[in-house]
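*Asks:* my_file-v2.cif (mmCIF, N, CA and C atoms) pasted underneath:
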```cif
data_final
#
loop_
_atom_site.label_atom_id
_atom_site.label_comp_id
_atom_site.auth_asym_id
_atom_site.auth_seq_id
_atom_site.Cartn_x
_atom_site.Cartn_y
_atom_site.Cartn_z
N MET Q 247 -14.43 -13.83 -15.82
CA MET Q 247 -13.72 -12.56 -15.84
C MET Q 247 -14.19 -11.72 -14.67
N ARG Q 248 -13.24 -10.96 -14.13
CA ARG Q 248 -13.61 -10.05 -13.05
C ARG Q 248 -13.83 -8.66 -13.63
N VAL Q 249 -14.82 -7.96 -13.08
CA VAL Q 249 -15.10 -6.58 -13.49
C VAL Q 249 -15.28 -5.72 -12.25
N MET Q 250 -14.84 -4.48 -12.37
CA MET Q 250 -15.11 -3.47 -11.35
C MET Q 250 -16.33 -2.70 -11.83
N VAL Q 251 -17.33 -2.63 -11.00
CA VAL Q 251 -18.57 -1.94 -11.32
C VAL Q 251 -18.63 -0.72 -10.41
N MET Q 252 -18.56 0.47 -11.01
CA MET Q 252 -18.45 1.70 -10.25
C MET Q 252 -19.71 2.55 -10.36
N VAL Q 253 -20.26 2.90 -9.20
CA VAL Q 253 -21.39 3.82 -9.14
C VAL Q 253 -20.81 5.22 -9.13
N LYS Q 254 -21.13 5.99 -10.14
CA LYS Q 254 -20.58 7.34 -10.25
C LYS Q 254 -21.26 8.26 -9.23
N ALA Q 255 -20.48 9.20 -8.71
CA ALA Q 255 -20.98 10.16 -7.72
C ALA Q 255 -21.92 11.16 -8.39
N THR Q 256 -22.75 11.74 -7.56
CA THR Q 256 -23.64 12.83 -7.99
C THR Q 256 -23.47 13.98 -7.00
N ALA Q 257 -24.09 15.11 -7.29
CA ALA Q 257 -24.04 16.24 -6.36
C ALA Q 257 -24.60 15.82 -5.00
N ASP Q 258 -25.66 15.00 -5.00
CA ASP Q 258 -26.25 14.55 -3.73
C ASP Q 258 -25.30 13.64 -2.96
N SER Q 259 -24.66 12.69 -3.64
CA SER Q 259 -23.75 11.79 -2.91
C SER Q 259 -22.54 12.57 -2.40
N GLU Q 260 -22.07 13.55 -3.17
CA GLU Q 260 -20.94 14.37 -2.73
C GLU Q 260 -21.33 15.29 -1.57
N ALA Q 261 -22.62 15.62 -1.47
CA ALA Q 261 -23.10 16.43 -0.35
C ALA Q 261 -23.31 15.58 0.90
N GLY Q 262 -23.13 14.27 0.77
CA GLY Q 262 -23.27 13.39 1.92
C GLY Q 262 -24.69 12.94 2.19
N ARG Q 263 -25.59 13.16 1.24
CA ARG Q 263 -26.98 12.72 1.42
C ARG Q 263 -27.03 11.19 1.37
N MET Q 264 -27.56 10.61 2.42
CA MET Q 264 -27.62 9.16 2.52
C MET Q 264 -28.90 8.64 1.87
N PRO Q 265 -28.85 7.42 1.34
CA PRO Q 265 -30.06 6.84 0.74
C PRO Q 265 -31.10 6.53 1.80
N GLY Q 266 -32.35 6.51 1.37
CA GLY Q 266 -33.44 6.19 2.27
C GLY Q 266 -33.57 4.68 2.48
N THR Q 267 -34.45 4.32 3.39
CA THR Q 267 -34.67 2.91 3.74
C THR Q 267 -35.09 2.09 2.53
N GLU Q 268 -35.94 2.64 1.68
CA GLU Q 268 -36.42 1.90 0.51
C GLU Q 268 -35.27 1.53 -0.43
N LEU Q 269 -34.39 2.49 -0.71
CA LEU Q 269 -33.26 2.21 -1.59
C LEU Q 269 -32.27 1.26 -0.92
N LEU Q 270 -32.03 1.44 0.37
CA LEU Q 270 -31.13 0.52 1.08
C LEU Q 270 -31.66 -0.92 1.02
N ALA Q 271 -32.96 -1.08 1.19
CA ALA Q 271 -33.57 -2.42 1.12
C ALA Q 271 -33.47 -3.00 -0.28
N ALA Q 272 -33.72 -2.17 -1.30
CA ALA Q 272 -33.64 -2.64 -2.69
C ALA Q 272 -32.20 -3.04 -3.04
N MET Q 273 -31.23 -2.26 -2.60
CA MET Q 273 -29.83 -2.59 -2.87
C MET Q 273 -29.43 -3.85 -2.10
N GLY Q 274 -29.92 -3.99 -0.88
CA GLY Q 274 -29.63 -5.20 -0.11
C GLY Q 274 -30.16 -6.44 -0.81
N ALA Q 275 -31.37 -6.35 -1.36
CA ALA Q 275 -31.95 -7.48 -2.09
C ALA Q 275 -31.15 -7.78 -3.35
N PHE Q 276 -30.72 -6.74 -4.06
CA PHE Q 276 -29.91 -6.92 -5.26
C PHE Q 276 -28.58 -7.57 -4.91
N ASN Q 277 -27.94 -7.08 -3.86
CA ASN Q 277 -26.66 -7.67 -3.43
C ASN Q 277 -26.84 -9.13 -3.05
N GLU Q 278 -27.96 -9.45 -2.43
CA GLU Q 278 -28.23 -10.84 -2.06
C GLU Q 278 -28.33 -11.72 -3.31
N GLU Q 279 -28.98 -11.21 -4.36
CA GLU Q 279 -29.05 -11.94 -5.63
C GLU Q 279 -27.65 -12.18 -6.20
N LEU Q 280 -26.82 -11.14 -6.16
CA LEU Q 280 -25.46 -11.25 -6.67
C LEU Q 280 -24.67 -12.32 -5.91
N VAL Q 281 -24.80 -12.32 -4.59
CA VAL Q 281 -24.07 -13.29 -3.77
C VAL Q 281 -24.58 -14.70 -4.06
N LYS Q 282 -25.90 -14.88 -4.10
CA LYS Q 282 -26.46 -16.21 -4.36
C LYS Q 282 -26.05 -16.74 -5.73
N ALA Q 283 -25.87 -15.84 -6.69
CA ALA Q 283 -25.46 -16.25 -8.05
C ALA Q 283 -23.95 -16.46 -8.15
N GLY Q 284 -23.22 -16.18 -7.08
CA GLY Q 284 -21.77 -16.34 -7.11
C GLY Q 284 -21.06 -15.26 -7.89
N VAL Q 285 -21.70 -14.11 -8.08
CA VAL Q 285 -21.15 -13.02 -8.88
C VAL Q 285 -20.36 -12.03 -8.03
N MET Q 286 -20.90 -11.67 -6.87
CA MET Q 286 -20.30 -10.61 -6.06
C MET Q 286 -19.10 -11.10 -5.27
N LEU Q 287 -17.96 -10.43 -5.47
CA LEU Q 287 -16.74 -10.71 -4.71
C LEU Q 287 -16.54 -9.68 -3.61
N ALA Q 288 -16.97 -8.44 -3.85
CA ALA Q 288 -16.85 -7.36 -2.88
C ALA Q 288 -17.76 -6.22 -3.32
N GLY Q 289 -18.06 -5.34 -2.40
CA GLY Q 289 -18.85 -4.16 -2.74
C GLY Q 289 -18.94 -3.24 -1.54
N GLU Q 290 -18.78 -1.96 -1.79
CA GLU Q 290 -18.82 -0.96 -0.71
C GLU Q 290 -19.25 0.39 -1.26
N GLY Q 291 -19.86 1.19 -0.40
CA GLY Q 291 -20.10 2.58 -0.69
C GLY Q 291 -18.93 3.41 -0.19
N LEU Q 292 -18.73 4.57 -0.78
CA LEU Q 292 -17.61 5.43 -0.40
C LEU Q 292 -18.12 6.76 0.15
N HIS Q 293 -17.41 7.28 1.14
CA HIS Q 293 -17.73 8.60 1.68
C HIS Q 293 -17.49 9.64 0.59
N PRO Q 294 -18.10 10.82 0.72
CA PRO Q 294 -17.87 11.89 -0.26
C PRO Q 294 -16.39 12.28 -0.31
N SER Q 295 -15.99 12.87 -1.43
CA SER Q 295 -14.58 13.21 -1.64
C SER Q 295 -14.07 14.25 -0.65
N VAL Q 296 -14.94 14.97 0.03
CA VAL Q 296 -14.48 15.93 1.03
C VAL Q 296 -13.69 15.21 2.12
N ARG Q 297 -13.94 13.92 2.30
CA ARG Q 297 -13.24 13.14 3.31
C ARG Q 297 -12.04 12.39 2.73
N GLY Q 298 -11.76 12.62 1.45
CA GLY Q 298 -10.68 11.91 0.78
C GLY Q 298 -9.45 12.75 0.55
N LYS Q 299 -8.45 12.11 0.03
CA LYS Q 299 -7.19 12.76 -0.34
C LYS Q 299 -6.71 12.12 -1.63
N ARG Q 300 -5.92 12.86 -2.37
CA ARG Q 300 -5.25 12.35 -3.56
C ARG Q 300 -3.76 12.56 -3.39
N VAL Q 301 -2.99 11.63 -3.85
CA VAL Q 301 -1.54 11.77 -3.85
C VAL Q 301 -1.11 11.89 -5.30
N ARG Q 302 -0.49 13.01 -5.64
CA ARG Q 302 -0.02 13.26 -7.00
C ARG Q 302 1.44 12.88 -7.10
N PHE Q 303 1.77 12.22 -8.20
CA PHE Q 303 3.14 11.77 -8.46
C PHE Q 303 3.71 12.57 -9.63
N SER Q 304 4.92 13.06 -9.45
CA SER Q 304 5.66 13.71 -10.52
C SER Q 304 7.10 13.25 -10.37
N GLY Q 305 7.45 12.21 -11.12
CA GLY Q 305 8.78 11.62 -10.94
C GLY Q 305 8.90 11.08 -9.53
N ALA Q 306 9.92 11.53 -8.80
CA ALA Q 306 10.13 11.09 -7.43
C ALA Q 306 9.37 11.94 -6.41
N GLN Q 307 8.74 13.01 -6.86
CA GLN Q 307 8.02 13.92 -5.96
C GLN Q 307 6.60 13.42 -5.70
N ARG Q 308 6.12 13.66 -4.48
CA ARG Q 308 4.75 13.32 -4.09
C ARG Q 308 4.13 14.55 -3.44
N SER Q 309 2.88 14.81 -3.78
CA SER Q 309 2.15 15.89 -3.10
C SER Q 309 0.75 15.39 -2.78
N VAL Q 310 0.21 15.86 -1.67
CA VAL Q 310 -1.10 15.42 -1.20
C VAL Q 310 -2.09 16.55 -1.41
N VAL Q 311 -3.24 16.21 -2.00
CA VAL Q 311 -4.31 17.17 -2.24
C VAL Q 311 -5.52 16.70 -1.43
N ASP Q 312 -6.05 17.59 -0.60
CA ASP Q 312 -7.23 17.27 0.19
C ASP Q 312 -8.49 17.45 -0.64
N GLY Q 313 -9.50 16.60 -0.38
CA GLY Q 313 -10.80 16.76 -1.01
C GLY Q 313 -11.49 17.96 -0.42
N PRO Q 314 -12.58 18.41 -0.98
CA PRO Q 314 -13.34 17.76 -2.06
C PRO Q 314 -12.71 18.00 -3.42
N PHE Q 315 -13.08 17.15 -4.35
CA PHE Q 315 -12.56 17.23 -5.71
C PHE Q 315 -13.66 17.78 -6.61
N ALA Q 316 -13.28 18.64 -7.55
CA ALA Q 316 -14.23 19.45 -8.30
C ALA Q 316 -15.15 18.68 -9.24
N GLU Q 317 -14.63 17.76 -10.01
CA GLU Q 317 -15.41 17.11 -11.05
C GLU Q 317 -16.23 15.94 -10.52
N THR Q 318 -17.43 16.21 -10.04
CA THR Q 318 -18.28 15.17 -9.47
C THR Q 318 -18.49 14.03 -10.44
N LYS Q 319 -18.67 14.32 -11.72
CA LYS Q 319 -18.94 13.27 -12.70
C LYS Q 319 -17.78 12.29 -12.85
N GLU Q 320 -16.59 12.67 -12.39
CA GLU Q 320 -15.43 11.79 -12.47
C GLU Q 320 -15.21 10.98 -11.19
N LEU Q 321 -16.01 11.22 -10.18
CA LEU Q 321 -15.82 10.56 -8.88
C LEU Q 321 -16.65 9.29 -8.77
N VAL Q 322 -16.24 8.43 -7.86
CA VAL Q 322 -16.92 7.16 -7.62
C VAL Q 322 -17.56 7.22 -6.23
N ALA Q 323 -18.83 6.85 -6.14
CA ALA Q 323 -19.56 6.87 -4.87
C ALA Q 323 -19.61 5.49 -4.23
N GLY Q 324 -19.35 4.45 -5.02
CA GLY Q 324 -19.36 3.09 -4.51
C GLY Q 324 -18.93 2.14 -5.60
N PHE Q 325 -18.71 0.87 -5.20
CA PHE Q 325 -18.22 -0.08 -6.19
C PHE Q 325 -18.61 -1.50 -5.81
N TRP Q 326 -18.57 -2.36 -6.80
CA TRP Q 326 -18.63 -3.81 -6.62
C TRP Q 326 -17.45 -4.41 -7.38
N LEU Q 327 -17.01 -5.56 -6.95
CA LEU Q 327 -16.10 -6.39 -7.72
C LEU Q 327 -16.87 -7.67 -7.99
N TRP Q 328 -17.07 -7.96 -9.27
CA TRP Q 328 -17.88 -9.11 -9.68
C TRP Q 328 -17.04 -10.10 -10.47
N ASN Q 329 -17.46 -11.36 -10.40
CA ASN Q 329 -16.90 -12.41 -11.24
C ASN Q 329 -18.02 -12.87 -12.17
N VAL Q 330 -17.88 -12.57 -13.45
CA VAL Q 330 -18.92 -12.87 -14.44
C VAL Q 330 -18.30 -13.62 -15.62
N ARG Q 331 -19.14 -14.20 -16.45
CA ARG Q 331 -18.65 -14.93 -17.62
C ARG Q 331 -18.24 -13.99 -18.74
N SER Q 332 -18.88 -12.81 -18.80
CA SER Q 332 -18.62 -11.90 -19.92
C SER Q 332 -19.05 -10.49 -19.55
N MET Q 333 -18.62 -9.54 -20.37
CA MET Q 333 -19.07 -8.16 -20.19
C MET Q 333 -20.58 -8.07 -20.38
N ASP Q 334 -21.11 -8.86 -21.30
CA ASP Q 334 -22.57 -8.86 -21.52
C ASP Q 334 -23.31 -9.28 -20.25
N GLU Q 335 -22.77 -10.29 -19.54
CA GLU Q 335 -23.42 -10.70 -18.29
C GLU Q 335 -23.36 -9.57 -17.27
N ALA Q 336 -22.23 -8.87 -17.19
CA ALA Q 336 -22.12 -7.74 -16.26
C ALA Q 336 -23.14 -6.67 -16.59
N VAL Q 337 -23.30 -6.37 -17.87
CA VAL Q 337 -24.28 -5.36 -18.28
C VAL Q 337 -25.69 -5.80 -17.88
N GLU Q 338 -26.01 -7.08 -18.06
CA GLU Q 338 -27.33 -7.56 -17.67
C GLU Q 338 -27.57 -7.42 -16.18
N TRP Q 339 -26.55 -7.70 -15.36
CA TRP Q 339 -26.71 -7.51 -13.92
C TRP Q 339 -26.92 -6.03 -13.59
N VAL Q 340 -26.17 -5.14 -14.22
CA VAL Q 340 -26.34 -3.71 -13.95
C VAL Q 340 -27.72 -3.24 -14.36
N ARG Q 341 -28.25 -3.76 -15.44
CA ARG Q 341 -29.59 -3.38 -15.87
C ARG Q 341 -30.64 -3.76 -14.83
N ARG Q 342 -30.37 -4.79 -14.04
CA ARG Q 342 -31.30 -5.24 -12.99
C ARG Q 342 -31.12 -4.45 -11.69
N CYS Q 343 -30.05 -3.69 -11.59
CA CYS Q 343 -29.72 -2.95 -10.37
C CYS Q 343 -30.73 -1.84 -10.12
N PRO Q 344 -31.14 -1.64 -8.86
CA PRO Q 344 -31.96 -0.46 -8.56
C PRO Q 344 -31.16 0.80 -8.89
N ASN Q 345 -31.84 1.86 -9.27
CA ASN Q 345 -31.15 3.12 -9.52
C ASN Q 345 -30.45 3.51 -8.22
N PRO Q 346 -29.11 3.61 -8.22
CA PRO Q 346 -28.39 3.83 -6.97
C PRO Q 346 -28.50 5.24 -6.40
N MET Q 347 -29.07 6.15 -7.14
CA MET Q 347 -29.19 7.55 -6.69
C MET Q 347 -30.61 8.04 -6.96
N GLU Q 348 -30.96 9.11 -6.29
CA GLU Q 348 -32.21 9.79 -6.62
C GLU Q 348 -32.02 10.46 -7.98
N GLY Q 349 -32.95 10.30 -8.90
CA GLY Q 349 -32.82 10.94 -10.20
C GLY Q 349 -31.83 10.25 -11.11
N GLU Q 350 -31.05 11.06 -11.84
CA GLU Q 350 -30.09 10.54 -12.81
C GLU Q 350 -28.88 9.92 -12.11
N SER Q 351 -28.39 8.81 -12.65
CA SER Q 351 -27.16 8.22 -12.14
C SER Q 351 -26.51 7.40 -13.24
N GLU Q 352 -25.29 7.00 -12.99
CA GLU Q 352 -24.52 6.25 -13.99
C GLU Q 352 -23.66 5.21 -13.29
N ILE Q 353 -23.57 4.03 -13.90
CA ILE Q 353 -22.71 2.96 -13.41
C ILE Q 353 -21.75 2.59 -14.53
N GLU Q 354 -20.47 2.52 -14.21
CA GLU Q 354 -19.43 2.17 -15.18
C GLU Q 354 -18.91 0.77 -14.87
N ILE Q 355 -18.68 -0.02 -15.92
CA ILE Q 355 -18.16 -1.38 -15.78
C ILE Q 355 -16.83 -1.45 -16.49
N ARG Q 356 -15.79 -1.93 -15.78
CA ARG Q 356 -14.47 -2.05 -16.39
C ARG Q 356 -13.87 -3.41 -16.06
N PRO Q 357 -13.30 -4.09 -17.05
CA PRO Q 357 -12.63 -5.37 -16.78
C PRO Q 357 -11.41 -5.16 -15.90
N VAL Q 358 -11.16 -6.13 -15.03
CA VAL Q 358 -9.97 -6.14 -14.19
C VAL Q 358 -8.88 -6.91 -14.94
N PHE Q 359 -7.67 -6.40 -14.92
CA PHE Q 359 -6.57 -7.11 -15.56
C PHE Q 359 -6.37 -8.46 -14.90
N GLU Q 360 -6.12 -9.46 -15.71
CA GLU Q 360 -5.76 -10.80 -15.24
C GLU Q 360 -4.30 -11.02 -15.60
N ALA Q 361 -3.66 -11.99 -14.96
CA ALA Q 361 -2.22 -12.23 -15.16
C ALA Q 361 -1.88 -12.39 -16.64
N GLU Q 362 -2.69 -13.13 -17.38
CA GLU Q 362 -2.38 -13.38 -18.80
C GLU Q 362 -2.43 -12.12 -19.67
N ASP Q 363 -3.07 -11.06 -19.18
CA ASP Q 363 -3.15 -9.82 -19.93
C ASP Q 363 -1.79 -9.12 -20.05
N PHE Q 364 -0.85 -9.44 -19.15
CA PHE Q 364 0.42 -8.76 -19.11
C PHE Q 364 1.48 -9.38 -20.01
N GLY Q 365 1.23 -10.55 -20.56
CA GLY Q 365 2.15 -11.17 -21.50
C GLY Q 365 3.44 -11.63 -20.85
N ALA Q 366 4.48 -11.73 -21.68
CA ALA Q 366 5.77 -12.28 -21.26
C ALA Q 366 6.45 -11.42 -20.19
N GLU Q 367 6.10 -10.14 -20.12
CA GLU Q 367 6.71 -9.26 -19.13
C GLU Q 367 6.38 -9.70 -17.71
N PHE Q 368 5.27 -10.39 -17.55
CA PHE Q 368 4.85 -10.89 -16.24
C PHE Q 368 5.48 -12.28 -16.07
N THR Q 369 6.72 -12.28 -15.66
CA THR Q 369 7.55 -13.49 -15.60
C THR Q 369 7.00 -14.50 -14.58
N PRO Q 370 7.44 -15.74 -14.67
CA PRO Q 370 7.02 -16.73 -13.66
C PRO Q 370 7.33 -16.29 -12.23
N GLU Q 371 8.45 -15.60 -12.03
CA GLU Q 371 8.80 -15.12 -10.70
C GLU Q 371 7.81 -14.05 -10.22
N LEU Q 372 7.44 -13.16 -11.12
CA LEU Q 372 6.46 -12.13 -10.76
C LEU Q 372 5.08 -12.74 -10.51
N ARG Q 373 4.71 -13.76 -11.30
CA ARG Q 373 3.43 -14.46 -11.07
C ARG Q 373 3.43 -15.14 -9.71
N ALA Q 374 4.56 -15.77 -9.36
CA ALA Q 374 4.65 -16.45 -8.06
C ALA Q 374 4.52 -15.44 -6.93
N GLN Q 375 5.16 -14.29 -7.08
CA GLN Q 375 5.04 -13.23 -6.07
C GLN Q 375 3.58 -12.79 -5.94
N GLU Q 376 2.93 -12.58 -7.07
CA GLU Q 376 1.52 -12.16 -7.07
C GLU Q 376 0.65 -13.20 -6.37
N ASP Q 377 0.87 -14.47 -6.67
CA ASP Q 377 0.11 -15.55 -6.03
C ASP Q 377 0.32 -15.55 -4.52
N ARG Q 378 1.57 -15.38 -4.07
CA ARG Q 378 1.86 -15.33 -2.63
C ARG Q 378 1.12 -14.16 -1.97
N LEU Q 379 1.14 -13.00 -2.62
CA LEU Q 379 0.48 -11.83 -2.06
C LEU Q 379 -1.03 -12.05 -1.97
N ARG Q 380 -1.62 -12.63 -3.01
CA ARG Q 380 -3.07 -12.91 -2.97
C ARG Q 380 -3.41 -13.87 -1.84
N GLU Q 381 -2.58 -14.89 -1.64
CA GLU Q 381 -2.81 -15.84 -0.55
C GLU Q 381 -2.74 -15.13 0.80
N GLN Q 382 -1.77 -14.22 0.96
CA GLN Q 382 -1.64 -13.47 2.21
C GLN Q 382 -2.86 -12.58 2.45
N VAL Q 383 -3.32 -11.92 1.41
CA VAL Q 383 -4.49 -11.04 1.53
C VAL Q 383 -5.72 -11.86 1.94
N GLU Q 384 -5.91 -13.01 1.29
CA GLU Q 384 -7.05 -13.87 1.64
C GLU Q 384 -6.94 -14.38 3.07
N ALA Q 385 -5.74 -14.74 3.52
CA ALA Q 385 -5.55 -15.20 4.90
C ALA Q 385 -5.85 -14.07 5.88
N GLN Q 386 -5.42 -12.86 5.56
CA GLN Q 386 -5.70 -11.72 6.43
C GLN Q 386 -7.20 -11.44 6.50
N ALA Q 387 -7.88 -11.58 5.37
CA ALA Q 387 -9.33 -11.36 5.35
C ALA Q 387 -10.04 -12.40 6.21
N ARG Q 388 -9.61 -13.65 6.09
CA ARG Q 388 -10.21 -14.71 6.92
C ARG Q 388 -9.96 -14.44 8.40
N ALA Q 389 -8.73 -14.03 8.72
CA ALA Q 389 -8.37 -13.77 10.12
C ALA Q 389 -9.17 -12.60 10.68
N SER Q 390 -9.38 -11.56 9.89
CA SER Q 390 -10.13 -10.40 10.38
C SER Q 390 -11.61 -10.72 10.59
N LYS Q 391 -12.14 -11.66 9.83
CA LYS Q 391 -13.53 -12.08 10.00
C LYS Q 391 -13.72 -12.88 11.29
N SER Q 392 -12.68 -13.58 11.71
CA SER Q 392 -12.80 -14.41 12.90
C SER Q 392 -12.57 -13.65 14.20
N THR Q 393 -12.15 -12.38 14.10
CA THR Q 393 -11.92 -11.60 15.33
C THR Q 393 -13.06 -10.68 15.62
#
```
Reformat the file's structure so that it appears as C-alpha cells.
*Replies:*
Amino acid sequence: MRVMVMVKATADSEAGRMPGTELLAAMGAFNEELVKAGVMLAGEGLHPSVRGKRVRFSGAQRSVVDGPFAETKELVAGFWLWNVRSMDEAVEWVRRCPNPMEGESEIEIRPVFEAEDFGAEFTPELRAQEDRLREQVEAQARASKST
C-alpha cells in the first residue's frame, strides 16, 4: 500500500527557519534507510506558505489566494510517499523518524487511493487511461534524470 506521510508545518517552518546540520544529517540517514528498505518512493520539503498560492473553486469560478495562510497547524512543511505493507508498518517507520522540527511537531500518515478503491465507476477505459498517464510520468522522470 502507498501512503503519503506529511510533516506538519510549525511557526518556525512557516517563518522560513531552516534545519541545522545535525537534523539534516539525521534526516538524510533516515531517508537512506527508507530507500534501502524499498519504502521511499518520493520525499521533499516545502517552502513556507508565504511563497504559495491557493486556487479556490466555486462551480465554474476560480479565484487565486496568495499565501501566507493563517492556520499553520493545517499546513504541510514536507512529505514522503512510501510503499509499505500496512499502516502499522508506516507508523513504525514514522516512530523511527528524527523529530523533523525543533520542539513539538506532528507527522500525518494517509493512505493513497488505489485503482480498486474506486469500484465499478473506474471503468476499464479509465484504468487504461490512468496506466498510460503513469507510464508517461515515469518516462518523463527518467528523461529528466538523464539531462
*Asks:* Would you tabulate, counting only N, CA and C atoms, all residues of region 285-368 of chain Q that have an atom at most 8 Å from an atom of region 262-265 of chain Q, showing the closest pair of atoms and their distance in Å to one decimal, sorted by chain then ascending number, as a Markdown table?
*Replies:*
```
| residue | atom | partner | partner_atom | distance |
| --- | --- | --- | --- | --- |
| Q:His293 | C | Q:Gly262 | CA | 7.0 |
| Q:Pro294 | CA | Q:Gly262 | N | 5.9 |
| Q:Ser295 | N | Q:Gly262 | N | 7.6 |
| Q:Pro346 | C | Q:Pro265 | CA | 7.5 |
| Q:Met347 | CA | Q:Pro265 | CA | 7.5 |
| Q:Glu348 | N | Q:Pro265 | CA | 7.4 |
```
*Asks:* For the atom pair CA of Glu360 (chain Q) and CA of Val249 (chain Q), what is the interatomic distance in Å to one decimal place?
*Replies:*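 For CA of Glu360 (chain Q) relative to CA of Val249 (chain Q), the distance reads 10.4 Å.
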*Asks:* Figure out the distance between atom N of Arg356 (chain Q) and atom N of Val337 (chain Q), please, to one decimal in Å.
*Replies:*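 Computed distance, atom N of Val337 (chain Q) to atom N of Arg356 (chain Q), equals 9.0 Å.
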*Asks:* Care to translate the PyMOL selection byres (((chain Q and resi 320 and name CA) around 12) and name CA) into actual residues of this file, as a PyMOL selection string?
*Replies:* chain Q and resi 252-257+260+295+315-319+321-323+352-354
*Asks:* Using only the atoms of region 288-306 of chain Q listed in the file, plus 6 Å on each side, state the axis-aligned box centre and edge lengths in Å rounded to one decimal, as JSON.
*Replies:*
```
{"center_x": -5.0, "center_y": 3.7, "center_z": -3.9, "size_x": 42.2, "size_y": 36.4, "size_z": 26.4}
```
*Asks:* Could you tell me how far atom N of Ile355 (chain Q) lies from atom N of Leu280 (chain Q), in Å and to one decimal?
*Replies:*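 We find that atom N of Ile355 (chain Q) and atom N of Leu280 (chain Q) lie 16.9 Å from each other.
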*Asks:* Which residue out of Q:Ser259, Q:Met286, Q:Glu371, Q:Ser392 has the minimum interatomic distance to Trp328 (chain Q) when only C-alpha atoms are used?
*Replies:*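 That would be Q:Met286, the residue with the smallest distance to Trp328 (chain Q).
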*Asks:* Specify as a VMD selection string each residue included when the PyMOL selection byres ((chain Q and resi 310) around 6.5) is applied to this file.
*Replies:* chain Q and resid 299 to 302 308 to 309 311 to 312
*Asks:* So that I can check the secondary structure, give me every residue of chain Q assigned strand (DSSP E or B) by backbone DSSP, as a PyMOL selection string.
*Replies:* chain Q and resi 248-254+286-291+299-304+307-312+322-329+353-357
*Asks:* Calculated over all atoms listed in the file, which of the candidates Q:Met250, Q:Met333, Q:Val296, Q:Ala288 has the smallest distance to Phe359 (chain Q)?
*Replies:*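 Under the stated criterion, the closest residue is Q:Met250.
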*Asks:* Near Glu290 (chain Q), counting all atoms listed in the file, which residues have an atom at most 8 Å away, once you skip same-chain residues fewer than 5 positions from it, shown as a ChimeraX atom specification?
*Replies:* /Q:323-327
